[in-house]
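Structure file query.tsv; described as TSV, C-alpha atoms and all ligand atoms.
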```tsv
chain	number	residue	atom	x	y	z
C	909	MET	CA	8.77	-167.12	-106.51
C	910	ILE	CA	7.68	-164.38	-108.90
C	911	ASP	CA	8.51	-161.29	-106.91
C	912	LEU	CA	6.25	-158.38	-107.85
C	913	ARG	CA	6.64	-156.48	-104.56
C	914	SER	CA	8.94	-153.90	-106.13
C	915	ASP	CA	11.36	-153.26	-108.98
C	916	THR	CA	14.07	-152.87	-106.33
C	917	VAL	CA	14.36	-156.66	-105.91
C	918	THR	CA	16.32	-157.31	-109.12
C	919	ARG	CA	19.68	-159.09	-108.96
C	920	PRO	CA	22.62	-157.91	-111.07
C	921	THR	CA	23.00	-159.96	-114.26
C	922	ALA	CA	26.23	-161.85	-115.03
C	923	ALA	CA	27.20	-159.19	-117.58
C	924	MET	CA	26.55	-156.42	-115.06
C	925	LEU	CA	28.65	-158.21	-112.45
C	926	ALA	CA	31.46	-158.54	-115.00
C	927	ALA	CA	31.28	-154.78	-115.66
C	928	MET	CA	31.46	-154.16	-111.91
C	929	ALA	CA	34.42	-156.50	-111.47
C	930	GLY	CA	36.32	-154.71	-114.23
C	931	ALA	CA	35.63	-151.19	-112.98
C	932	GLU	CA	38.47	-148.73	-112.54
C	933	THR	CA	38.14	-147.22	-109.06
C	934	GLY	CA	39.55	-144.52	-106.79
C	935	ASP	CA	38.58	-142.88	-103.50
C	936	ASP	CA	35.33	-141.02	-104.14
C	937	VAL	CA	35.55	-138.99	-100.91
C	938	TYR	CA	38.76	-137.58	-102.45
C	939	ASP	CA	36.69	-137.17	-105.65
C	940	GLU	CA	39.10	-139.52	-107.44
C	941	ASP	CA	36.93	-142.36	-108.73
C	942	PRO	CA	36.91	-142.24	-112.55
C	943	THR	CA	33.93	-144.58	-112.90
C	944	VAL	CA	31.86	-142.49	-110.49
C	945	HIS	CA	32.84	-139.38	-112.47
C	946	ALA	CA	31.78	-141.07	-115.70
C	947	LEU	CA	28.40	-142.01	-114.24
C	948	GLU	CA	27.76	-138.56	-112.76
C	949	GLU	CA	28.66	-136.82	-116.03
C	950	ARG	CA	26.62	-139.24	-118.10
C	951	VAL	CA	23.46	-138.87	-116.02
C	952	ALA	CA	23.80	-135.08	-115.76
C	953	GLY	CA	24.15	-134.94	-119.57
C	954	LEU	CA	21.14	-137.20	-120.14
C	955	LEU	CA	18.99	-134.98	-117.94
C	956	GLY	CA	20.26	-131.67	-119.36
C	957	HIS	CA	22.01	-130.57	-116.17
C	958	GLU	CA	25.44	-129.26	-115.28
C	959	ALA	CA	26.60	-131.76	-112.66
C	960	GLY	CA	25.68	-134.96	-110.87
C	961	LEU	CA	26.27	-136.69	-107.54
C	962	PHE	CA	26.14	-140.47	-107.06
C	963	THR	CA	24.30	-141.40	-103.86
C	964	VAL	CA	23.56	-144.62	-102.05
C	965	SER	CA	19.77	-144.25	-102.35
C	966	GLY	CA	16.96	-142.34	-103.99
C	967	SER	CA	15.86	-141.10	-100.60
C	968	LEU	CA	19.26	-139.52	-100.01
C	969	ALA	CA	19.26	-137.96	-103.49
C	970	ASN	CA	15.83	-136.45	-102.73
C	971	VAL	CA	16.95	-135.20	-99.31
C	972	LEU	CA	20.04	-133.53	-100.80
C	973	GLY	CA	18.10	-132.06	-103.74
C	974	VAL	CA	15.30	-130.62	-101.61
C	975	ARG	CA	17.83	-129.29	-99.08
C	976	SER	CA	19.47	-127.27	-101.83
C	977	LEU	CA	16.13	-125.60	-102.66
C	978	VAL	CA	14.38	-125.19	-99.31
C	979	ALA	CA	15.84	-123.44	-96.24
C	980	PRO	CA	14.90	-124.55	-92.70
C	981	GLY	CA	11.44	-123.22	-91.83
C	982	GLN	CA	10.35	-122.93	-95.45
C	983	GLU	CA	7.96	-125.33	-97.15
C	984	LEU	CA	7.89	-127.85	-99.96
C	985	LEU	CA	4.63	-128.57	-101.78
C	986	CYS	CA	3.91	-132.02	-103.23
C	987	GLU	CA	1.16	-134.54	-103.92
C	988	GLU	CA	-0.02	-136.28	-100.76
C	989	ARG	CA	1.27	-139.75	-101.72
C	990	ALA	CA	4.67	-138.53	-102.95
C	991	HIS	CA	7.63	-140.62	-101.79
C	992	VAL	CA	9.30	-137.51	-100.33
C	993	VAL	CA	6.43	-136.97	-97.91
C	994	ARG	CA	5.17	-140.51	-97.35
C	995	ALA	CA	8.14	-142.83	-97.46
C	996	GLU	CA	11.30	-140.97	-96.42
C	997	LEU	CA	10.46	-141.14	-92.72
C	998	GLY	CA	10.33	-137.39	-92.29
C	999	ALA	CA	13.99	-137.01	-93.32
C	1000	HIS	CA	13.46	-133.59	-94.91
C	1001	ALA	CA	12.05	-132.29	-91.61
C	1002	VAL	CA	14.42	-134.21	-89.33
C	1003	TRP	CA	17.66	-133.13	-91.04
C	1004	HIS	CA	16.79	-129.86	-92.72
C	1005	GLY	CA	13.73	-128.29	-91.05
C	1006	VAL	CA	11.59	-128.53	-94.18
C	1007	THR	CA	7.82	-128.39	-93.72
C	1008	THR	CA	5.37	-129.69	-96.30
C	1009	ARG	CA	1.85	-129.06	-97.57
C	1010	THR	CA	0.21	-131.33	-100.07
C	1011	TRP	CA	-2.44	-131.50	-102.74
C	1012	SER	CA	-4.32	-134.64	-103.64
C	1013	ASP	CA	-4.84	-136.01	-107.12
C	1014	PRO	CA	-6.23	-139.46	-107.95
C	1015	ARG	CA	-3.53	-140.02	-110.62
C	1016	GLY	CA	-0.80	-138.34	-108.57
C	1017	HIS	CA	-0.57	-135.59	-111.18
C	1018	VAL	CA	0.38	-132.00	-110.57
C	1019	ASP	CA	-2.82	-130.07	-109.84
C	1020	LEU	CA	-2.08	-126.60	-111.15
C	1021	ASP	CA	-5.12	-125.04	-109.45
C	1022	ALA	CA	-4.08	-126.52	-106.11
C	1023	VAL	CA	-0.54	-125.26	-106.64
C	1024	ARG	CA	-1.87	-121.75	-107.37
C	1025	ARG	CA	-3.94	-121.95	-104.18
C	1026	LEU	CA	-1.18	-123.31	-101.94
C	1027	MET	CA	1.89	-121.51	-103.25
C	1028	THR	CA	2.87	-118.57	-101.05
C	1029	PRO	CA	6.42	-117.65	-102.07
C	1030	ASP	CA	6.74	-114.65	-99.79
C	1031	ALA	CA	4.38	-115.26	-96.90
C	1032	GLY	CA	5.76	-112.53	-94.65
C	1033	PRO	CA	6.71	-112.83	-90.98
C	1034	TYR	CA	3.74	-114.91	-89.74
C	1035	LEU	CA	3.22	-117.67	-92.31
C	1036	VAL	CA	5.47	-120.29	-93.90
C	1037	SER	CA	6.90	-119.32	-97.27
C	1038	THR	CA	6.88	-121.80	-100.16
C	1039	ALA	CA	10.39	-122.39	-101.47
C	1040	ALA	CA	9.89	-125.38	-103.77
C	1041	ILE	CA	7.54	-127.95	-105.28
C	1042	ALA	CA	8.40	-131.63	-105.67
C	1043	VAL	CA	6.97	-133.73	-108.49
C	1044	GLU	CA	7.20	-137.52	-108.78
C	1045	ASN	CA	7.46	-138.98	-112.29
C	1046	THR	CA	6.41	-141.71	-112.59
C	1047	HIS	CA	4.27	-141.57	-109.46
C	1048	ASN	CA	4.80	-144.77	-107.49
C	1049	PHE	CA	1.85	-144.94	-105.07
C	1050	ALA	CA	-0.54	-143.53	-107.69
C	1051	GLY	CA	0.24	-146.56	-109.88
C	1052	GLY	CA	3.28	-145.66	-111.97
C	1053	THR	CA	1.46	-142.78	-113.61
C	1054	VAL	CA	3.27	-140.42	-115.99
C	1055	GLN	CA	3.10	-136.67	-115.42
C	1056	PRO	CA	1.78	-134.91	-118.55
C	1057	LEU	CA	4.65	-132.88	-120.05
C	1058	GLU	CA	2.41	-129.90	-120.80
C	1059	THR	CA	1.35	-129.68	-117.14
C	1060	LEU	CA	5.00	-129.74	-116.08
C	1061	ARG	CA	5.72	-126.89	-118.51
C	1062	GLU	CA	2.82	-124.91	-117.06
C	1063	LEU	CA	4.10	-125.62	-113.55
C	1064	ARG	CA	7.50	-124.20	-114.50
C	1065	ALA	CA	5.84	-121.12	-116.00
C	1066	LEU	CA	3.89	-120.65	-112.77
C	1067	ALA	CA	6.74	-121.20	-110.33
C	1068	GLU	CA	9.77	-119.62	-111.99
C	1069	PRO	CA	8.59	-115.97	-112.10
C	1070	VAL	CA	7.85	-116.01	-108.36
C	1071	GLY	CA	11.12	-117.72	-107.40
C	1072	VAL	CA	9.59	-121.05	-106.36
C	1073	ARG	CA	11.90	-123.87	-107.40
C	1074	LEU	CA	11.21	-127.38	-108.62
C	1075	HIS	CA	12.56	-130.78	-107.60
C	1076	LEU	CA	11.83	-133.88	-109.66
C	1077	ASP	CA	11.78	-137.24	-107.90
C	1078	GLY	CA	12.57	-139.20	-111.02
C	1079	ALA	CA	13.21	-142.56	-109.37
C	1080	ARG	CA	11.31	-144.04	-112.33
C	1081	LEU	CA	11.80	-141.24	-114.86
C	1082	TRP	CA	13.28	-143.89	-117.19
C	1083	ASN	CA	9.87	-145.57	-117.30
C	1084	ALA	CA	8.16	-142.27	-118.15
C	1085	HIS	CA	10.69	-141.72	-120.93
C	1086	VAL	CA	10.17	-145.22	-122.37
C	1087	ALA	CA	6.37	-144.99	-122.10
C	1088	THR	CA	6.07	-141.58	-123.77
C	1089	GLY	CA	9.17	-141.15	-125.92
C	1090	VAL	CA	9.75	-137.75	-124.26
C	1091	ALA	CA	13.52	-137.14	-124.02
C	1092	LEU	CA	14.93	-137.40	-120.50
C	1093	ALA	CA	16.39	-133.91	-120.87
C	1094	ASP	CA	13.00	-132.48	-121.84
C	1095	TYR	CA	11.74	-133.59	-118.44
C	1096	GLY	CA	14.99	-132.79	-116.63
C	1097	ARG	CA	15.45	-129.20	-117.84
C	1098	LEU	CA	12.09	-128.15	-116.37
C	1099	PHE	CA	13.44	-128.79	-112.86
C	1100	ASP	CA	16.14	-127.20	-110.70
C	1101	THR	CA	17.21	-130.54	-109.26
C	1102	VAL	CA	16.41	-134.10	-110.34
C	1103	SER	CA	16.98	-137.43	-108.62
C	1104	VAL	CA	16.97	-140.68	-110.59
C	1105	CYS	CA	17.35	-144.26	-109.33
C	1106	LEU	CA	19.62	-146.87	-110.87
C	1107	SER	CA	18.36	-149.60	-108.57
C	1108	LYS	CA	14.75	-149.83	-109.77
C	1109	GLY	CA	13.75	-150.42	-113.39
C	1110	LEU	CA	17.37	-150.15	-114.49
C	1111	GLY	CA	18.28	-153.19	-112.43
C	1112	ALA	CA	21.51	-151.97	-110.79
C	1113	PRO	CA	22.04	-153.28	-107.24
C	1114	VAL	CA	22.58	-149.89	-105.55
C	1115	GLY	CA	22.46	-146.20	-106.23
C	1116	SER	CA	20.86	-143.01	-107.42
C	1117	VAL	CA	22.12	-139.80	-108.96
C	1118	LEU	CA	21.16	-136.23	-108.08
C	1119	VAL	CA	21.68	-133.67	-110.82
C	1120	GLY	CA	21.49	-129.88	-110.81
C	1121	PRO	CA	23.62	-126.74	-111.09
C	1122	ALA	CA	27.35	-127.29	-110.34
C	1123	ALA	CA	27.24	-125.11	-107.20
C	1124	ALA	CA	24.25	-126.98	-105.76
C	1125	ILE	CA	25.87	-130.34	-106.48
C	1126	ALA	CA	29.16	-129.22	-104.85
C	1127	GLU	CA	27.17	-128.31	-101.74
C	1128	ALA	CA	25.23	-131.60	-101.90
C	1129	ARG	CA	28.58	-133.43	-101.92
C	1130	VAL	CA	29.45	-131.74	-98.61
C	1131	TRP	CA	26.05	-132.63	-97.12
C	1132	ARG	CA	26.32	-136.22	-98.33
C	1133	LYS	CA	29.59	-136.54	-96.37
C	1134	ARG	CA	28.12	-134.70	-93.38
C	1135	LEU	CA	25.29	-137.25	-93.27
C	1136	GLY	CA	27.86	-140.07	-93.23
C	1137	ALA	CA	27.21	-141.18	-96.80
C	1138	GLY	CA	30.54	-140.34	-98.42
C	1139	TRP	CA	31.93	-143.53	-99.91
C	1140	ARG	CA	35.24	-144.72	-101.18
C	1141	GLN	CA	35.74	-147.08	-104.19
C	1142	ALA	CA	32.13	-146.62	-105.26
C	1143	GLY	CA	33.18	-147.14	-108.89
C	1144	VAL	CA	32.26	-150.82	-108.57
C	1145	LEU	CA	28.66	-149.68	-108.05
C	1146	ALA	CA	28.81	-146.86	-110.59
C	1147	ALA	CA	29.92	-149.43	-113.19
C	1148	ALA	CA	26.63	-151.28	-112.66
C	1149	GLY	CA	24.76	-148.03	-113.26
C	1150	LEU	CA	26.70	-147.32	-116.45
C	1151	TYR	CA	26.06	-150.86	-117.67
C	1152	ALA	CA	22.34	-150.44	-116.96
C	1153	LEU	CA	22.18	-147.15	-118.87
C	1154	ASP	CA	23.67	-148.91	-121.89
C	1155	HIS	CA	21.55	-152.06	-121.75
C	1156	HIS	CA	18.45	-151.70	-119.62
C	1157	ILE	CA	16.53	-148.59	-120.64
C	1158	GLU	CA	14.72	-149.63	-123.82
C	1159	ARG	CA	13.85	-153.08	-122.43
C	1160	MET	CA	11.57	-151.41	-119.86
C	1161	ALA	CA	8.92	-151.50	-122.61
C	1162	ASP	CA	8.72	-155.25	-121.81
C	1163	ASP	CA	8.04	-154.47	-118.14
C	1164	HIS	CA	5.23	-152.13	-119.20
C	1165	ALA	CA	3.72	-154.79	-121.48
C	1166	HIS	CA	3.93	-157.34	-118.65
C	1167	ALA	CA	2.16	-154.99	-116.25
C	1168	ARG	CA	-0.60	-154.43	-118.79
C	1169	LEU	CA	-0.93	-158.18	-119.39
C	1170	ILE	CA	-1.45	-158.80	-115.67
C	1171	ALA	CA	-3.92	-155.89	-115.38
C	1172	ASP	CA	-5.90	-157.17	-118.39
C	1173	ALA	CA	-6.22	-160.64	-116.88
C	1174	VAL	CA	-7.26	-159.34	-113.46
C	1175	ALA	CA	-9.76	-156.88	-115.00
C	1176	GLU	CA	-11.32	-159.68	-117.01
C	1177	ALA	CA	-11.84	-161.64	-113.80
C	1178	ASP	CA	-13.04	-158.67	-111.74
C	1179	PRO	CA	-13.47	-155.34	-113.57
C	1180	SER	CA	-13.83	-153.48	-110.27
C	1181	ALA	CA	-10.25	-154.41	-109.22
C	1182	VAL	CA	-8.38	-152.45	-111.89
C	1183	ASP	CA	-8.90	-150.47	-115.07
C	1184	PRO	CA	-6.10	-151.60	-117.41
C	1185	ALA	CA	-6.26	-148.24	-119.20
C	1186	THR	CA	-4.76	-146.66	-116.05
C	1187	VAL	CA	-1.65	-148.86	-116.28
C	1188	GLU	CA	0.89	-146.64	-118.02
C	1189	THR	CA	4.21	-148.17	-116.97
C	1190	ASN	CA	5.39	-151.03	-114.73
C	1191	VAL	CA	3.10	-150.53	-111.71
C	1192	VAL	CA	-0.36	-152.06	-111.23
C	1193	ILE	CA	-2.53	-151.17	-108.26
C	1194	LEU	CA	-5.46	-153.48	-107.53
C	1195	ASP	CA	-8.31	-152.03	-105.49
C	1196	VAL	CA	-9.77	-155.08	-103.78
C	1197	GLY	CA	-11.17	-153.64	-100.54
C	1198	ASP	CA	-11.11	-155.94	-97.54
C	1199	ARG	CA	-9.77	-158.79	-99.69
C	1200	ALA	CA	-6.32	-157.13	-99.91
C	1201	ALA	CA	-4.46	-158.90	-97.09
C	1202	GLY	CA	-5.96	-162.28	-97.99
C	1203	LEU	CA	-5.10	-161.82	-101.66
C	1204	VAL	CA	-1.46	-161.04	-100.85
C	1205	GLU	CA	-1.27	-164.09	-98.58
C	1206	ARG	CA	-2.90	-166.51	-101.02
C	1207	ALA	CA	-0.86	-165.21	-103.97
C	1208	ALA	CA	2.34	-165.73	-101.95
C	1209	ALA	CA	1.25	-169.29	-101.20
C	1210	GLU	CA	1.01	-169.78	-104.97
C	1211	GLY	CA	4.43	-168.28	-105.65
C	1212	VAL	CA	3.50	-164.66	-106.48
C	1213	LEU	CA	4.74	-161.97	-104.10
C	1214	THR	CA	2.82	-158.67	-103.98
C	1215	GLY	CA	2.36	-155.96	-101.32
C	1216	VAL	CA	-0.36	-153.88	-99.66
C	1217	VAL	CA	0.28	-150.15	-100.24
C	1218	GLY	CA	-2.87	-148.58	-98.76
C	1219	PRO	CA	-6.33	-149.52	-97.51
C	1220	GLY	CA	-7.60	-152.19	-99.89
C	1221	LEU	CA	-4.76	-151.57	-102.34
C	1222	VAL	CA	-2.42	-154.28	-103.58
C	1223	ARG	CA	0.59	-153.22	-105.65
C	1224	LEU	CA	2.45	-155.25	-108.28
C	1225	ILE	CA	5.59	-153.99	-110.02
C	1226	THR	CA	7.16	-155.69	-113.02
C	1227	HIS	CA	10.91	-155.55	-113.63
C	1228	LEU	CA	14.00	-157.05	-115.22
C	1229	ASP	CA	13.72	-160.35	-113.35
C	1230	VAL	CA	10.09	-160.97	-114.41
C	1231	THR	CA	9.97	-162.83	-117.73
C	1232	GLY	CA	7.01	-162.98	-120.12
C	1233	ASP	CA	6.21	-166.47	-118.80
C	1234	ASP	CA	6.39	-165.21	-115.20
C	1235	ALA	CA	3.96	-162.41	-116.09
C	1236	LYS	CA	1.51	-164.89	-117.66
C	1237	GLN	CA	1.76	-167.19	-114.65
C	1238	ALA	CA	1.25	-164.32	-112.18
C	1239	ALA	CA	-1.69	-163.06	-114.25
C	1240	GLY	CA	-3.31	-166.48	-114.08
C	1241	VAL	CA	-2.85	-166.78	-110.32
C	1242	LEU	CA	-4.08	-163.26	-109.55
C	1243	ALA	CA	-7.06	-163.49	-111.92
C	1244	ARG	CA	-8.16	-166.74	-110.29
C	1245	LEU	CA	-7.78	-165.29	-106.78
C	1246	VAL	CA	-9.71	-162.05	-107.46
C	1247	ARG	CA	-12.48	-164.08	-109.09
C	1248	GLY	CA	-12.81	-165.69	-105.66
C	1301	LIG	C1	9.23	-142.58	-106.29
C	1301	LIG	C2	10.37	-142.99	-105.39
C	1301	LIG	N1	11.26	-142.07	-105.00
C	1301	LIG	C3	12.29	-142.38	-104.21
C	1301	LIG	C4	12.48	-143.67	-103.77
C	1301	LIG	C5	13.61	-143.93	-102.83
C	1301	LIG	O1	14.57	-144.80	-103.30
C	1301	LIG	P1	15.48	-145.62	-102.27
C	1301	LIG	O2	14.69	-146.82	-101.88
C	1301	LIG	O3	16.69	-145.93	-103.08
C	1301	LIG	O4	15.77	-144.73	-101.12
C	1301	LIG	C6	11.58	-144.67	-104.14
C	1301	LIG	C7	11.77	-146.05	-103.66
C	1301	LIG	O5	10.97	-146.92	-103.84
C	1301	LIG	C8	10.49	-144.32	-104.97
C	1301	LIG	O6	9.58	-145.22	-105.34
```
Reformat the file's structure so that it appears as structure tokens.
Ligand SMILES: Cc1ncc(COP(=O)(O)O)c(C=O)c1O
Amino acid sequence: MIDLRSDTVTRPTAAMLAAMAGAETGDDVYDEDPTVHALEERVAGLLGHEAGLFTVSGSLANVLGVRSLVAPGQELLCEERAHVVRAELGAHAVWHGVTTRTWSDPRGHVDLDAVRRLMTPDAGPYLVSTAAIAVENTHNFAGGTVQPLETLRELRALAEPVGVRLHLDGARLWNAHVATGVALADYGRLFDTVSVCLSKGLGAPVGSVLVGPAAAIAEARVWRKRLGAGWRQAGVLAAAGLYALDHHIERMADDHAHARLIADAVAEADPSAVDPATVETNVVILDVGDRAAGLVERAAAEGVLTGVVGPGLVRLITHLDVTGDDAKQAAGVLARLVRG
């Protein structure tokens, strides 16, 4: 099977498993795991922030980051297909009383005009006040799109003077960095809190890191425990993350090339299904209308796993476990199926 459902399906490599087996560990609830400390410091440094917190998932890192910026009864603004609002099962509202309003952008980009229109930092006693804005980079459901750096700078300039804070869902920020060459810290420093995933393009089996100011991260540590997600000898998992940071960032360029190869082949067969120029990183979204469910089923029967992510939309994500030959084979299968 060539599994293109998500970049979360990767298995740790032998070298990564060896790094995990050799990890020095301690009790992380006592804040005594040296490998966890090394990972948290490394990621905070890469993103230009003071401190980091290792978490079991990207969803938890987002929940803890947003909680530190938005008080119960205040609102978070984001794009309508953002993971925080579409795929975290209402966690921000359930645990922390956060409400949301959204803007819509075909590429999932920040719409500065919409932000100007929606943002009400001090809405008085009758309306909900905006406390923060969340941005997803790359944007998963919009097709792995990269947020333009200049727009992010303008967003910061708009939000900071009025006290509205910024959270970056950087689950795939590594892909944005590899695709554009923009330094991770140049993205990271524009935001008050940033979450990044180790378990997607980086290929680690588990984990994310939230970074931000030391005080916010200390508080997030308390909330992580309160939510039952304190963990003990997590250094075995942190070691996988450290290994991935050393070995798996630059290779993401291969994933991007594989995604483009698949998109090119499908577009040649049916130009209405995808515009390859919109494929910026490792995500390809095919718009195939009422053929979506059938396409997913027939591709699976031919050894290519994909997923439906919206009406008529089939998503493919390339990753560490998809070789160049796999990509060519998947491209051939999908091109033949969309041709009909
Ligand atoms: C953009 C984005 N943010 C956050 C997450 C959440 O990560 P996790 O599955 O580790 O909770 C995902 C997962 O797919 C994602 O795509």
Using all atoms listed in the file, find each residue of chain C with at least one atom at most 8 Å away from an atom of ligand LIG 1301 (chain C); report its shortest atom-to-atom pair and that distance in Å (one decimal), sort the rows by chain and rising residue number, and return the result as a Markdown table.
```
| residue | atom | partner | partner_atom | distance |
| --- | --- | --- | --- | --- |
| C:Ser914 | CA | C:LIG1301 | O5 | 7.6 |
| C:Thr916 | CA | C:LIG1301 | O5 | 7.2 |
| C:Val964 | CA | C:LIG1301 | O3 | 7.1 |
| C:Ser965 | CA | C:LIG1301 | O3 | 3.6 |
| C:Gly966 | CA | C:LIG1301 | O1 | 3.5 |
| C:Ser967 | CA | C:LIG1301 | O4 | 3.7 |
| C:Leu968 | CA | C:LIG1301 | O4 | 6.4 |
| C:Ala969 | CA | C:LIG1301 | O4 | 8.0 |
| C:Asn970 | CA | C:LIG1301 | C3 | 7.1 |
| C:Ala990 | CA | C:LIG1301 | C1 | 7.0 |
| C:His991 | CA | C:LIG1301 | N1 | 5.1 |
| C:Val992 | CA | C:LIG1301 | N1 | 6.8 |
| C:Ala995 | CA | C:LIG1301 | C4 | 7.7 |
| C:Glu996 | CA | C:LIG1301 | C5 | 7.4 |
| C:Glu1044 | CA | C:LIG1301 | C1 | 6.0 |
| C:Asn1045 | CA | C:LIG1301 | C1 | 7.2 |
| C:Thr1046 | CA | C:LIG1301 | C1 | 7.0 |
| C:His1047 | CA | C:LIG1301 | C1 | 6.0 |
| C:Asn1048 | CA | C:LIG1301 | C1 | 5.1 |
| C:Phe1049 | CA | C:LIG1301 | O6 | 7.7 |
| C:Asp1077 | CA | C:LIG1301 | N1 | 5.7 |
| C:Gly1078 | CA | C:LIG1301 | C1 | 6.7 |
| C:Ala1079 | CA | C:LIG1301 | N1 | 4.8 |
| C:Arg1080 | CA | C:LIG1301 | C1 | 6.6 |
| C:Cys1105 | CA | C:LIG1301 | O3 | 6.5 |
| C:Ser1107 | CA | C:LIG1301 | O3 | 6.8 |
| C:Lys1108 | CA | C:LIG1301 | O5 | 7.6 |
| C:Val1114 | CA | C:LIG1301 | O3 | 7.5 |
| C:Gly1115 | CA | C:LIG1301 | O3 | 6.6 |
| C:Ser1116 | CA | C:LIG1301 | O3 | 6.7 |
```
If we count all atoms listed in the file, what is near region 1146-1152 of chain C at a cut-off of 9 Å, once residues fewer than 6 positions away on the same chain are taken out, given as a PyMOL selection string? chain C and resi 920+923-925+927-932+943-948+950+962+1106-1107+1110-1116
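Reported to one decimal place, the separation of CA of Glu1188 (chain C) from CA of Leu1074 (chain C) is 23.8 Å.
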Please report the interatomic distance between CA of Asn1190 (chain C) and CA of Met1160 (chain C) in Å with one decimal. 8.0 Å
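Proximity ranking of C:Val1216, C:Ala1042, C:Ala1050, C:Met1027 relative to Val993 (chain C) places C:Ala1042 first, based on all atoms listed in the file.
Interatomic distance, CA of Gly1197 (chain C) against CA of Thr1214 (chain C): 15.3 Å.
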Env of Lys1133 (chain C): 12 Å cut, atoms = only C-alpha atoms, seq-sep filter 5 positions within chain, self excluded. Answer as JSON, numbers by chain. {"C": [936, 937, 938, 939, 961, 962, 963, 964, 968, 972, 1126, 1127, 1128, 1138, 1139, 1140]}
